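What's in work_27.tsv: TSV, C-alpha atoms
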```
chain	number	residue	atom	x	y	z
P	21	MET	CA	8.86	-5.43	4.93
P	22	ARG	CA	12.08	-3.61	4.08
P	23	PHE	CA	13.10	-0.02	4.73
P	24	PHE	CA	15.12	2.62	2.91
P	25	PRO	CA	18.35	3.89	4.40
P	26	LEU	CA	17.72	6.35	7.23
P	27	LEU	CA	18.85	9.39	5.24
P	28	TRP	CA	16.51	8.66	2.33
P	29	LEU	CA	13.56	8.19	4.70
P	30	ALA	CA	14.35	11.45	6.49
P	31	CYS	CA	14.19	13.31	3.18
P	32	ALA	CA	10.86	11.70	2.35
P	33	LEU	CA	9.39	12.64	5.72
P	34	ALA	CA	10.55	16.21	5.31
P	35	ALA	CA	8.40	16.66	2.21
P	36	GLN	CA	5.41	18.97	2.49
P	37	ASP	CA	2.95	16.12	1.87
P	38	GLN	CA	4.05	12.86	3.48
P	39	PRO	CA	3.33	9.89	1.21
P	40	GLN	CA	1.56	6.77	2.40
P	41	PHE	CA	3.98	4.47	0.53
P	42	ILE	CA	7.55	4.79	-0.80
P	43	TRP	CA	9.49	2.36	-3.01
P	44	ARG	CA	12.92	2.14	-4.60
P	45	GLY	CA	14.55	-0.44	-6.88
P	46	GLU	CA	16.69	-1.19	-9.93
P	47	VAL	CA	14.58	-1.91	-13.04
P	48	ASP	CA	15.68	-3.39	-16.35
P	49	SER	CA	13.02	-3.38	-19.10
P	50	GLY	CA	9.98	-3.03	-16.85
P	51	ALA	CA	8.00	-4.03	-13.76
P	52	ILE	CA	4.52	-3.80	-12.25
P	53	LEU	CA	3.93	-3.04	-8.56
P	54	TYR	CA	0.71	-4.35	-6.99
P	55	LEU	CA	-0.37	-2.76	-3.67
P	56	ARG	CA	-3.22	-4.14	-1.56
P	57	GLY	CA	-3.70	-3.22	2.09
P	58	ASP	CA	-0.15	-3.21	3.47
P	59	LYS	CA	1.14	-5.87	1.05
P	60	LEU	CA	3.33	-5.39	-2.03
P	61	GLU	CA	3.90	-7.75	-4.96
P	62	VAL	CA	6.37	-6.86	-7.73
P	63	LYS	CA	6.46	-8.62	-11.11
P	64	ALA	CA	9.17	-8.00	-13.70
P	65	THR	CA	7.81	-7.62	-17.24
P	66	GLY	CA	11.16	-8.45	-18.82
P	67	ARG	CA	13.70	-11.24	-18.34
P	68	THR	CA	15.65	-9.49	-15.57
P	69	PRO	CA	14.09	-9.40	-12.09
P	70	VAL	CA	13.88	-6.17	-10.13
P	71	SER	CA	16.84	-5.80	-7.75
P	72	GLY	CA	17.71	-3.74	-4.68
P	73	GLN	CA	14.09	-3.24	-3.64
P	74	GLN	CA	13.34	-1.14	-0.56
P	75	PHE	CA	9.87	0.01	0.48
P	76	HIS	CA	7.75	1.18	3.39
P	77	PHE	CA	4.00	1.60	4.06
P	78	TYR	CA	3.19	4.57	6.29
P	79	ASN	CA	-0.54	3.80	6.06
P	80	GLN	CA	-2.48	0.81	4.78
P	81	LEU	CA	-4.18	1.21	1.39
P	82	PRO	CA	-7.87	1.37	2.38
P	83	ASP	CA	-10.66	-0.76	0.91
P	84	LEU	CA	-12.16	2.26	-0.83
P	85	SER	CA	-12.73	3.12	-4.48
P	86	ASP	CA	-10.66	6.31	-4.36
P	87	ASP	CA	-7.81	7.33	-6.67
P	88	ALA	CA	-4.23	7.27	-5.44
P	89	ARG	CA	-1.68	9.86	-6.63
P	90	LEU	CA	1.77	8.87	-7.90
P	91	GLU	CA	4.95	10.97	-7.67
P	92	VAL	CA	8.09	9.81	-9.49
P	93	ARG	CA	11.17	11.00	-7.61
P	94	GLN	CA	13.80	9.21	-9.72
P	95	GLY	CA	13.70	7.29	-12.99
P	96	ARG	CA	14.51	7.71	-16.65
P	97	GLY	CA	11.51	5.82	-18.06
P	98	TYR	CA	7.72	6.06	-17.93
P	99	VAL	CA	6.03	5.34	-14.59
P	100	HIS	CA	2.24	5.43	-14.37
P	101	VAL	CA	-0.82	4.01	-12.59
P	102	ILE	CA	-2.52	1.31	-14.68
P	103	ASP	CA	-5.19	0.26	-12.18
P	104	GLN	CA	-6.76	2.26	-9.34
P	105	PRO	CA	-8.26	0.52	-6.25
P	106	ARG	CA	-11.78	-0.66	-7.03
P	107	LEU	CA	-14.26	-3.22	-5.67
P	108	GLU	CA	-13.82	-5.44	-8.76
P	109	ASN	CA	-10.01	-5.70	-8.32
P	110	HIS	CA	-10.23	-6.19	-4.53
P	111	TYR	CA	-8.94	-2.64	-3.97
P	112	THR	CA	-5.56	-3.24	-5.58
P	113	LEU	CA	-3.39	-0.40	-6.88
P	114	ALA	CA	-1.17	-1.31	-9.86
P	115	ILE	CA	1.80	0.82	-10.98
P	116	ALA	CA	3.78	0.11	-14.17
P	117	ILE	CA	7.41	1.02	-14.80
P	118	GLU	CA	8.55	1.04	-18.46
P	119	ASP	CA	12.31	1.31	-18.97
P	120	ARG	CA	13.20	1.06	-22.66
P	121	GLN	CA	16.87	1.97	-22.50
P	122	ALA	CA	19.69	-0.54	-22.25
P	123	GLY	CA	20.73	-1.81	-18.83
P	124	SER	CA	19.11	-1.31	-15.45
P	125	SER	CA	18.32	2.05	-13.86
P	126	PRO	CA	17.31	3.19	-10.34
P	127	TYR	CA	13.72	4.24	-9.71
P	128	SER	CA	12.08	5.74	-6.65
P	129	ILE	CA	8.40	6.59	-6.27
P	130	ALA	CA	6.02	7.96	-3.65
P	131	VAL	CA	2.29	7.21	-3.53
P	132	PHE	CA	-0.40	9.27	-1.81
P	133	TRP	CA	-3.97	8.32	-0.85
P	134	ASN	CA	-6.67	9.62	1.49
P	135	THR	CA	-6.30	8.43	5.09
P	136	SER	CA	-8.78	10.70	6.88
P	137	ASN	CA	-11.82	12.85	6.36
P	138	ARG	CA	-10.23	16.29	6.02
P	139	GLU	CA	-13.54	18.06	5.50
P	140	PHE	CA	-14.61	17.12	9.04
P	141	GLU	CA	-11.23	18.00	10.52
P	142	ARG	CA	-11.41	21.56	9.18
P	143	GLY	CA	-14.89	22.24	10.55
P	144	GLY	CA	-17.27	24.87	9.25
P	145	GLY	CA	-19.62	24.53	6.31
P	146	ARG	CA	-22.98	22.75	6.13
P	147	THR	CA	-23.37	19.22	7.44
P	148	GLY	CA	-25.59	16.49	6.06
P	149	LYS	CA	-26.51	12.91	6.83
P	150	LEU	CA	-28.62	10.02	5.65
P	151	VAL	CA	-29.90	7.02	7.60
P	152	TRP	CA	-30.55	3.69	5.84
P	153	THR	CA	-32.24	0.51	7.11
P	154	GLY	CA	-33.15	-2.79	5.46
P	155	ARG	CA	-32.97	-6.59	5.52
P	156	ILE	CA	-30.05	-8.29	3.76
P	157	ASP	CA	-29.74	-11.91	2.66
P	158	GLN	CA	-26.03	-12.76	1.92
P	159	GLU	CA	-24.67	-9.64	0.13
P	160	ALA	CA	-25.92	-6.33	-1.27
P	161	LEU	CA	-24.59	-2.99	-2.54
P	162	ILE	CA	-26.37	0.22	-1.48
P	163	SER	CA	-25.85	3.25	-3.78
P	164	CYS	CA	-26.87	6.71	-2.55
P	165	GLN	CA	-27.01	9.81	-4.76
P	166	GLU	CA	-28.53	13.24	-4.09
P	167	LYS	CA	-31.67	12.32	-2.04
P	168	ARG	CA	-32.21	8.70	-3.08
P	169	CYS	CA	-30.71	5.26	-2.28
P	170	THR	CA	-31.02	2.15	-4.45
P	171	SER	CA	-30.03	-1.39	-3.52
P	172	GLN	CA	-28.65	-4.24	-5.60
P	173	ALA	CA	-28.45	-7.85	-4.42
P	174	VAL	CA	-24.95	-9.13	-5.26
P	175	ILE	CA	-25.68	-12.60	-3.85
P	176	GLY	CA	-28.92	-13.88	-2.38
P	177	ALA	CA	-32.43	-12.43	-2.22
P	178	PRO	CA	-33.34	-8.80	-3.01
P	179	VAL	CA	-33.09	-6.27	-0.20
P	180	ALA	CA	-36.31	-6.15	1.84
P	181	ALA	CA	-37.94	-3.43	3.97
P	182	GLU	CA	-35.53	-0.80	2.63
P	183	LYS	CA	-35.96	2.70	4.09
P	184	PHE	CA	-33.79	5.82	3.98
P	185	LYS	CA	-33.97	9.44	5.07
P	186	PHE	CA	-31.74	12.40	4.07
P	187	SER	CA	-31.30	15.55	6.13
P	188	ARG	CA	-30.14	17.25	2.91
P	189	ALA	CA	-29.12	16.07	-0.55
P	190	LEU	CA	-25.65	14.75	-1.21
P	191	PRO	CA	-23.91	17.55	-3.15
P	192	ARG	CA	-23.03	17.07	-6.81
P	193	ARG	CA	-19.33	17.63	-6.21
P	194	ASP	CA	-16.49	15.78	-4.52
P	195	VAL	CA	-17.15	15.37	-0.80
P	196	ASP	CA	-15.94	12.80	1.75
P	197	VAL	CA	-18.62	10.89	3.66
P	198	ASN	CA	-18.18	9.07	6.98
P	199	LEU	CA	-19.82	5.71	7.72
P	200	GLU	CA	-21.26	5.85	11.24
P	201	ASP	CA	-23.68	4.07	13.64
P	202	THR	CA	-23.59	0.73	11.84
P	203	GLU	CA	-25.83	-2.06	13.15
P	204	GLY	CA	-26.15	-5.65	11.95
P	205	ARG	CA	-24.72	-9.11	12.48
P	206	GLY	CA	-22.48	-9.01	9.38
P	207	GLU	CA	-20.03	-6.62	7.72
P	208	ILE	CA	-20.86	-3.06	6.60
P	209	ARG	CA	-18.23	-1.14	4.61
P	210	LEU	CA	-18.05	2.14	2.73
P	211	VAL	CA	-16.57	1.08	-0.62
P	212	GLU	CA	-16.88	4.17	-2.79
P	213	GLN	CA	-16.82	7.91	-2.09
P	214	PRO	CA	-18.99	10.30	-4.21
P	215	ARG	CA	-16.83	11.51	-7.07
P	216	GLU	CA	-17.33	12.84	-10.61
P	217	ARG	CA	-16.41	9.46	-12.12
P	218	ASN	CA	-19.35	7.71	-10.35
P	219	ASN	CA	-21.79	10.63	-10.79
P	220	TYR	CA	-21.33	11.61	-7.12
P	221	THR	CA	-22.64	8.36	-5.64
P	222	ALA	CA	-21.68	6.95	-2.23
P	223	LYS	CA	-21.68	3.14	-2.14
P	224	VAL	CA	-21.92	0.84	0.89
P	225	SER	CA	-21.37	-2.94	0.81
P	226	ILE	CA	-23.22	-5.18	3.30
P	227	ARG	CA	-22.33	-8.87	3.73
P	228	ASP	CA	-24.50	-11.17	5.84
P	229	PRO	CA	-22.74	-14.51	6.51
P	230	GLN	CA	-25.52	-16.23	8.45
P	231	GLY	CA	-28.55	-18.11	7.17
P	232	GLY	CA	-31.69	-16.16	6.32
P	233	SER	CA	-31.93	-12.38	6.16
P	234	GLY	CA	-30.70	-9.98	8.85
P	235	GLU	CA	-31.60	-6.43	9.80
P	236	TYR	CA	-29.04	-3.73	9.05
P	237	SER	CA	-28.75	0.02	9.43
P	238	PHE	CA	-26.07	2.66	8.89
P	239	LYS	CA	-25.61	6.43	8.74
P	240	LEU	CA	-23.55	8.42	6.23
P	241	ALA	CA	-22.46	11.89	7.33
P	242	TRP	CA	-20.65	14.65	5.43
P	243	ARG	CA	-19.66	18.28	5.66
P	244	GLU	CA	-19.65	20.69	2.75
P	245	ALA	CA	-16.66	23.04	2.76
P	246	LYS	CA	-17.24	26.77	2.97
P	247	LYS	CA	-16.73	28.71	-0.24
P	248	LYS	CA	-13.67	30.44	1.18
P	249	GLU	CA	-12.02	27.01	1.64
P	250	SER	CA	-12.04	26.32	-2.10
P	251	ILE	CA	-8.68	25.52	-3.66
P	252	PRO	CA	-7.06	28.67	-5.07
P	253	VAL	CA	-6.22	28.88	-8.77
P	254	MET	CA	-2.50	28.35	-9.23
P	255	THR	CA	-0.50	30.43	-11.70
P	256	ALA	CA	1.86	28.68	-14.07
P	257	GLY	CA	5.44	28.27	-12.89
P	258	ARG	CA	8.54	26.88	-14.55
P	259	GLY	CA	8.13	23.12	-14.80
P	260	MET	CA	10.98	21.59	-16.80
P	261	ILE	CA	13.61	22.04	-19.51
P	262	TRP	CA	13.93	19.31	-22.14
P	263	LYS	CA	17.00	19.04	-24.39
P	264	GLY	CA	17.96	16.64	-27.16
P	265	LEU	CA	19.14	16.17	-30.74
P	266	VAL	CA	16.13	15.46	-33.00
P	267	SER	CA	15.47	14.54	-36.60
P	268	GLY	CA	11.89	13.93	-37.80
P	269	ASN	CA	8.87	13.68	-35.48
P	270	VAL	CA	9.32	12.86	-31.79
P	271	ARG	CA	6.70	12.72	-29.05
P	272	VAL	CA	7.61	13.30	-25.37
P	273	THR	CA	5.29	12.16	-22.54
P	274	ILE	CA	5.63	13.77	-19.09
P	275	HIS	CA	4.26	12.31	-15.84
P	276	GLY	CA	5.29	13.55	-12.41
P	277	ARG	CA	9.07	13.85	-12.62
P	278	SER	CA	9.60	11.45	-15.52
P	279	ALA	CA	9.82	12.08	-19.27
P	280	PHE	CA	9.53	9.34	-21.89
P	281	SER	CA	10.38	9.89	-25.59
P	282	GLN	CA	8.71	8.09	-28.51
P	283	ILE	CA	10.02	8.09	-32.08
P	284	LEU	CA	7.39	8.53	-34.80
P	285	GLY	CA	8.14	7.03	-38.20
P	286	ASN	CA	11.76	7.30	-39.33
P	287	ALA	CA	12.75	9.90	-36.76
P	288	ALA	CA	15.87	9.83	-34.60
P	289	ILE	CA	16.74	11.21	-31.17
P	290	ARG	CA	20.03	11.44	-29.28
P	291	GLU	CA	21.37	12.87	-25.99
P	292	GLU	CA	17.92	13.61	-24.55
P	293	ASN	CA	17.74	15.07	-21.04
P	294	ALA	CA	14.88	16.35	-18.86
P	295	ASP	CA	15.60	18.78	-16.01
P	296	PHE	CA	12.59	19.21	-13.70
P	297	MET	CA	12.12	22.32	-11.55
P	298	GLN	CA	8.88	20.88	-10.14
P	299	PRO	CA	6.84	17.71	-10.79
P	300	LEU	CA	3.82	17.84	-13.09
P	301	PRO	CA	0.85	17.95	-10.67
P	302	ALA	CA	-1.94	15.36	-10.87
P	303	ARG	CA	-4.56	18.01	-11.71
P	304	MET	CA	-6.86	18.78	-14.63
P	305	ASP	CA	-7.05	22.56	-14.09
P	306	LEU	CA	-3.56	23.23	-15.44
P	307	SER	CA	-2.86	25.50	-18.42
P	308	PRO	CA	0.60	24.34	-19.56
P	309	VAL	CA	2.70	26.68	-21.69
P	310	ILE	CA	5.44	25.48	-24.05
P	311	ARG	CA	8.35	27.59	-25.34
P	312	THR	CA	11.00	26.69	-27.92
P	313	LEU	CA	14.32	28.02	-26.63
P	314	GLN	CA	16.28	26.34	-29.44
P	315	GLY	CA	15.27	24.33	-32.50
P	316	ARG	CA	14.62	24.75	-36.22
P	317	GLY	CA	11.25	22.94	-36.33
P	318	SER	CA	7.90	23.30	-34.60
P	319	VAL	CA	7.05	22.25	-31.03
P	320	ARG	CA	3.51	21.96	-29.69
P	321	ILE	CA	1.48	20.38	-26.88
P	322	VAL	CA	-0.75	17.58	-28.22
P	323	GLU	CA	-2.28	16.31	-24.94
P	324	ASN	CA	-3.00	18.08	-21.65
P	325	PRO	CA	-3.25	16.31	-18.24
P	326	THR	CA	-6.64	14.71	-17.51
P	327	GLU	CA	-7.92	11.95	-15.25
P	328	LYS	CA	-8.37	9.71	-18.32
P	329	ASN	CA	-4.66	9.87	-19.29
P	330	ASN	CA	-3.50	9.62	-15.65
P	331	TYR	CA	-2.45	13.28	-15.62
P	332	THR	CA	0.20	13.13	-18.35
P	333	LEU	CA	1.33	15.94	-20.63
P	334	VAL	CA	2.47	15.16	-24.19
P	335	PHE	CA	4.32	17.46	-26.57
P	336	GLU	CA	5.56	16.79	-30.10
P	337	ILE	CA	8.60	18.01	-32.01
P	338	SER	CA	8.32	18.17	-35.82
P	339	ASP	CA	11.70	18.58	-37.52
P	340	SER	CA	11.80	18.43	-41.34
P	341	GLY	CA	15.46	19.35	-41.81
P	342	SER	CA	18.28	16.97	-42.70
P	343	GLY	CA	20.35	15.40	-39.95
P	344	LEU	CA	20.03	15.83	-36.20
P	345	SER	CA	19.32	19.31	-34.84
P	346	PRO	CA	19.61	20.54	-31.22
P	347	TYR	CA	16.39	21.39	-29.37
P	348	GLU	CA	15.77	23.05	-26.02
P	349	VAL	CA	12.16	23.24	-24.85
P	350	GLU	CA	10.74	24.90	-21.72
P	351	LEU	CA	7.42	23.78	-20.21
P	352	ASP	CA	5.60	25.81	-17.56
P	353	TRP	CA	2.64	24.59	-15.48
```

I need this file expressed as structure tokens, please.
Amino acid sequence: MRFFPLLWLACALAAQDQPQFIWRGEVDSGAILYLRGDKLEVKATGRTPVSGQQFHFYNQLPDLSDDARLEVRQGRGYVHVIDQPRLENHYTLAIAIEDRQAGSSPYSIAVFWNTSNREFERGGGRTGKLVWTGRIDQEALISCQEKRCTSQAVIGAPVAAEKFKFSRALPRRDVDVNLEDTEGRGEIRLVEQPRERNNYTAKVSIRDPQGGSGEYSFKLAWREAKKKESIPVMTAGRGMIWKGLVSGNVRVTIHGRSAFSQILGNAAIREENADFMQPLPARMDLSPVIRTLQGRGSVRIVENPTEKNNYTLVFEISDSGSGLSPYEVELDW
């Protein structure tokens, strides 16, 4: 494992939210970063290998199906998450860097993921729990939603003598659950937190390595936040200024602190530059506003940040005049 220079690390630690992983390197053409646990593998997608790599894990990437958040701190190309940690990919996070300009360029990124149950740390609110028991032969997946649990045999015989009891229903909104009071001769792991993408279902994996079936039990506990702890609505602030010489139709994709331009048809673009006042947050509740400070054509937002597009914002410039024309565009979020 390698480390950044002391000064660079000190700046990272001084940030309001400390990342769980930081990376820096020189990229020519492109690369993919694969994170699993506290291991990193980097594969160049072009002919030139990545050089000058420096990285550090502050916390191990957990074996949980929970989305990580990416922040691009330096880089001229498009950096985005292409694979979130899931059971089917052995909880591997994959990040792609696409650099389409000539020569190599420095990139630095920070990655954030959940390392603790913050709902329980805050206290307050209503608590809930469920207790599950059953007999497992080899491997099974237990899925719990609202006030019901269902089991699926991954390998071996179906789950036998399955029983469960809820003190209250799992809420139909994001909440962190804790796996507690596990009993059994094999391995019991919480592999998925209840989220919108899985219809608010908590999932527990049980692996029994010995012959025959074994008895297992576990408890899931959670705390619902008080209403006053809800996240406040943020008002739009100045996000970035984009400048460039444009002819024809050009599409600009924004993610974090990076902006990537795409030429549509026979368009042309020169001297493009993106000046960020703040990174584009990884949130779906934004209401971005676009303003044309200079330019003879039309400018409009064609895609707002969502979970499906990995929280990217896309705007398009349509210029029907002859020759290149200067544009200056302000985006607020």

* Structure fact -> From atom CA of P:Ala88 to atom CA of P:Arg271 the spacing works out at 26.6 Å

* So how many Å separate atom CA of P:Asp48 and atom CA of P:His275, to one decimal? ->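 Computing it gives 19.4 Å between the two atoms.
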
* To do: Could you tell me which of P:Gln282, P:Gln298, P:Gln314, P:Thr68 comes closest to P:Phe335 if we count all atoms listed in the file?
  =>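 Closest to P:Phe335, using all atoms listed in the file: P:Gln282.
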
Using only C-alpha atoms, what does the table of stretch 81-171 of chain P residues within 6 Å of stretch 228-235 of chain P look like, with each row giving the shortest atom pair and its distance in Å to one decimal, sorted by chain and ascending number, as a tab-separated table?
```
residue	atom	partner	partner_atom	distance
P:Gly154	CA	P:Glu235	CA	5.9
P:Arg155	CA	P:Glu235	CA	4.5
P:Ile156	CA	P:Ser233	CA	5.1
P:Asp157	CA	P:Ser233	CA	4.2
P:Gln158	CA	P:Asp228	CA	4.5
P:Glu159	CA	P:Asp228	CA	5.9
```

* Skipping near chain neighbours, those fewer than 5 positions away, what residues fall within 12 Å of P:Ser124 using all atoms listed in the file, listed as an MDAnalysis selection string? -> chainID P and resid 45:51 66:72 95:97 117:119

* **Between atom CA of P:Leu161 and atom CA of P:Val179 - distance in Å to one decimal** => 9.4 Å

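Take the candidates P:Ile129, P:Ser225, P:Gly343, P:Tyr54 and check each one against P:Ile102 using all atoms listed in the file; the shortest distance goes to P:Tyr54.
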
* Asked: Of the candidates P:Lys239, P:Arg258, P:Arg146, P:Arg188, which one gets nearest to P:Val309 if we count only C-alpha atoms?
  -> P:Arg258

* Structure fact -> For P:Ser342, the closest of P:Ala287, P:Ala160, P:Leu300, P:Ala177 counting only C-alpha atoms is P:Ala287

List the spatial neighbours of P:Asp295 as a PDB file with C-alpha atoms, keeping the file's coordinate frame - criterion: any atom at most 7 Å away, all atoms listed in the file, same-chain residues fewer than 6 positions off excluded.
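Dumped to result_13.pdb:
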```pdb
ATOM      1  CA  MET P 260      10.980  21.590 -16.800  1.00  0.00           C
ATOM      2  CA  ILE P 261      13.610  22.040 -19.510  1.00  0.00           C
ATOM      3  CA  TRP P 262      13.930  19.310 -22.140  1.00  0.00           C
TER       4      TRP P 262
END
```

* **Protein, DNA and RNA residues within 7 Å of (-8.0, 6.8, -5.8), all atoms listed in the file, as a ChimeraX atom specification** => /P:85-88,104-105,133

* Asked: Between P:Arg209, P:Cys164, P:Ala294, P:Asn198, which is the closest to P:Ala222 once you count only C-alpha atoms?
  -> P:Cys164

* To do: Give the answer as one residue: which of P:Met297, P:Ala302, P:Val224, P:Ala279 has the shortest atom-to-atom distance to P:Phe132, using all atoms listed in the file?
  =>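 Checking each candidate against P:Phe132, we get P:Ala302 as the closest.
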
* At a cut-off of 10 Å from (-10.4, 8.7, -14.9) in the coordinates of the file, what residues are picked up using only C-alpha atoms, written as a list in words? ->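 So the residues meeting the distance criterion are Asp87, Gln104, Glu216, Arg217, Thr326, Glu327, Lys328, Asn329, Asn330 and Tyr331 of chain P.
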
Keeping just C-alpha atoms, export stretch 181-264 of chain P of this structure as a PDB file, in the first residue's frame.
```
ATOM      1  CA  ALA P 181     -38.190 -24.891  10.855  1.00  0.00           C
ATOM      2  CA  GLU P 182     -38.080 -21.208   9.891  1.00  0.00           C
ATOM      3  CA  LYS P 183     -39.591 -18.803  12.435  1.00  0.00           C
ATOM      4  CA  PHE P 184     -39.458 -15.028  12.814  1.00  0.00           C
ATOM      5  CA  LYS P 185     -40.965 -12.336  15.009  1.00  0.00           C
ATOM      6  CA  PHE P 186     -41.044  -8.535  14.497  1.00  0.00           C
ATOM      7  CA  SER P 187     -41.467  -6.001  17.290  1.00  0.00           C
ATOM      8  CA  ARG P 188     -42.592  -3.529  14.597  1.00  0.00           C
ATOM      9  CA  ALA P 189     -42.502  -3.453  10.804  1.00  0.00           C
ATOM     10  CA  LEU P 190     -39.367  -2.457   8.956  1.00  0.00           C
ATOM     11  CA  PRO P 191     -40.103   1.067   7.648  1.00  0.00           C
ATOM     12  CA  ARG P 192     -40.539   1.668   3.927  1.00  0.00           C
ATOM     13  CA  ARG P 193     -37.675   4.145   3.783  1.00  0.00           C
ATOM     14  CA  ASP P 194     -33.897   4.035   4.072  1.00  0.00           C
ATOM     15  CA  VAL P 195     -32.831   2.827   7.513  1.00  0.00           C
ATOM     16  CA  ASP P 196     -29.666   1.094   8.753  1.00  0.00           C
ATOM     17  CA  VAL P 197     -30.119  -2.235  10.531  1.00  0.00           C
ATOM     18  CA  ASN P 198     -27.645  -3.908  12.894  1.00  0.00           C
ATOM     19  CA  LEU P 199     -27.007  -7.665  12.901  1.00  0.00           C
ATOM     20  CA  GLU P 200     -26.897  -8.839  16.523  1.00  0.00           C
ATOM     21  CA  ASP P 201     -27.038 -11.980  18.728  1.00  0.00           C
ATOM     22  CA  THR P 202     -26.000 -14.400  15.994  1.00  0.00           C
ATOM     23  CA  GLU P 203     -25.899 -18.108  16.849  1.00  0.00           C
ATOM     24  CA  GLY P 204     -24.834 -21.043  14.681  1.00  0.00           C
ATOM     25  CA  ARG P 205     -21.817 -23.111  13.728  1.00  0.00           C
ATOM     26  CA  GLY P 206     -21.252 -21.341  10.384  1.00  0.00           C
ATOM     27  CA  GLU P 207     -21.120 -17.789   9.041  1.00  0.00           C
ATOM     28  CA  ILE P 208     -23.933 -15.220   9.335  1.00  0.00           C
ATOM     29  CA  ARG P 209     -23.551 -11.903   7.493  1.00  0.00           C
ATOM     30  CA  LEU P 210     -25.724  -8.887   6.762  1.00  0.00           C
ATOM     31  CA  VAL P 211     -25.285  -8.457   3.000  1.00  0.00           C
ATOM     32  CA  GLU P 212     -27.865  -5.834   2.066  1.00  0.00           C
ATOM     33  CA  GLN P 213     -29.394  -2.859   3.879  1.00  0.00           C
ATOM     34  CA  PRO P 214     -33.058  -1.879   3.211  1.00  0.00           C
ATOM     35  CA  ARG P 215     -33.021   0.717   0.456  1.00  0.00           C
ATOM     36  CA  GLU P 216     -35.389   1.989  -2.250  1.00  0.00           C
ATOM     37  CA  ARG P 217     -33.570  -0.031  -4.932  1.00  0.00           C
ATOM     38  CA  ASN P 218     -34.365  -3.362  -3.165  1.00  0.00           C
ATOM     39  CA  ASN P 219     -37.877  -2.322  -2.068  1.00  0.00           C
ATOM     40  CA  TYR P 220     -36.629  -1.749   1.511  1.00  0.00           C
ATOM     41  CA  THR P 221     -35.521  -5.334   2.142  1.00  0.00           C
ATOM     42  CA  ALA P 222     -32.793  -6.382   4.604  1.00  0.00           C
ATOM     43  CA  LYS P 223     -30.890  -9.492   3.476  1.00  0.00           C
ATOM     44  CA  VAL P 224     -28.823 -11.898   5.582  1.00  0.00           C
ATOM     45  CA  SER P 225     -26.562 -14.639   4.184  1.00  0.00           C
ATOM     46  CA  ILE P 226     -25.988 -17.837   6.192  1.00  0.00           C
ATOM     47  CA  ARG P 227     -23.317 -20.389   5.208  1.00  0.00           C
ATOM     48  CA  ASP P 228     -23.109 -23.767   6.923  1.00  0.00           C
ATOM     49  CA  PRO P 229     -19.824 -25.568   6.062  1.00  0.00           C
ATOM     50  CA  GLN P 230     -20.453 -28.806   7.957  1.00  0.00           C
ATOM     51  CA  GLY P 231     -22.390 -31.877   6.899  1.00  0.00           C
ATOM     52  CA  GLY P 232     -26.135 -31.970   7.488  1.00  0.00           C
ATOM     53  CA  SER P 233     -28.238 -29.024   8.600  1.00  0.00           C
ATOM     54  CA  GLY P 234     -27.451 -26.735  11.537  1.00  0.00           C
ATOM     55  CA  GLU P 235     -29.548 -24.500  13.746  1.00  0.00           C
ATOM     56  CA  TYR P 236     -29.137 -20.742  13.310  1.00  0.00           C
ATOM     57  CA  SER P 237     -30.607 -17.586  14.780  1.00  0.00           C
ATOM     58  CA  PHE P 238     -29.999 -13.850  14.494  1.00  0.00           C
ATOM     59  CA  LYS P 239     -31.537 -10.508  15.435  1.00  0.00           C
ATOM     60  CA  LEU P 240     -31.832  -7.392  13.277  1.00  0.00           C
ATOM     61  CA  ALA P 241     -32.273  -4.099  15.134  1.00  0.00           C
ATOM     62  CA  TRP P 242     -32.908  -0.580  13.828  1.00  0.00           C
ATOM     63  CA  ARG P 243     -33.822   2.900  14.964  1.00  0.00           C
ATOM     64  CA  GLU P 244     -36.090   5.254  13.052  1.00  0.00           C
ATOM     65  CA  ALA P 245     -34.880   8.858  13.104  1.00  0.00           C
ATOM     66  CA  LYS P 246     -37.093  11.521  14.614  1.00  0.00           C
ATOM     67  CA  LYS P 247     -38.836  13.816  12.163  1.00  0.00           C
ATOM     68  CA  LYS P 248     -36.747  16.773  13.290  1.00  0.00           C
ATOM     69  CA  GLU P 249     -33.600  14.871  12.233  1.00  0.00           C
ATOM     70  CA  SER P 250     -34.665  14.794   8.581  1.00  0.00           C
ATOM     71  CA  ILE P 251     -32.216  16.271   6.101  1.00  0.00           C
ATOM     72  CA  PRO P 252     -33.012  19.930   5.422  1.00  0.00           C
ATOM     73  CA  VAL P 253     -33.829  21.074   1.891  1.00  0.00           C
ATOM     74  CA  MET P 254     -30.815  22.831   0.420  1.00  0.00           C
ATOM     75  CA  THR P 255     -31.185  25.976  -1.660  1.00  0.00           C
ATOM     76  CA  ALA P 256     -29.353  26.222  -4.953  1.00  0.00           C
ATOM     77  CA  GLY P 257     -25.892  27.771  -4.854  1.00  0.00           C
ATOM     78  CA  ARG P 258     -23.389  28.627  -7.547  1.00  0.00           C
ATOM     79  CA  GLY P 259     -21.958  25.379  -8.877  1.00  0.00           C
ATOM     80  CA  MET P 260     -19.707  26.026 -11.871  1.00  0.00           C
ATOM     81  CA  ILE P 261     -18.872  28.248 -14.838  1.00  0.00           C
ATOM     82  CA  TRP P 262     -18.261  26.573 -18.200  1.00  0.00           C
ATOM     83  CA  LYS P 263     -16.549  28.393 -21.077  1.00  0.00           C
ATOM     84  CA  GLY P 264     -15.649  27.369 -24.611  1.00  0.00           C
TER      85      GLY P 264
END
```
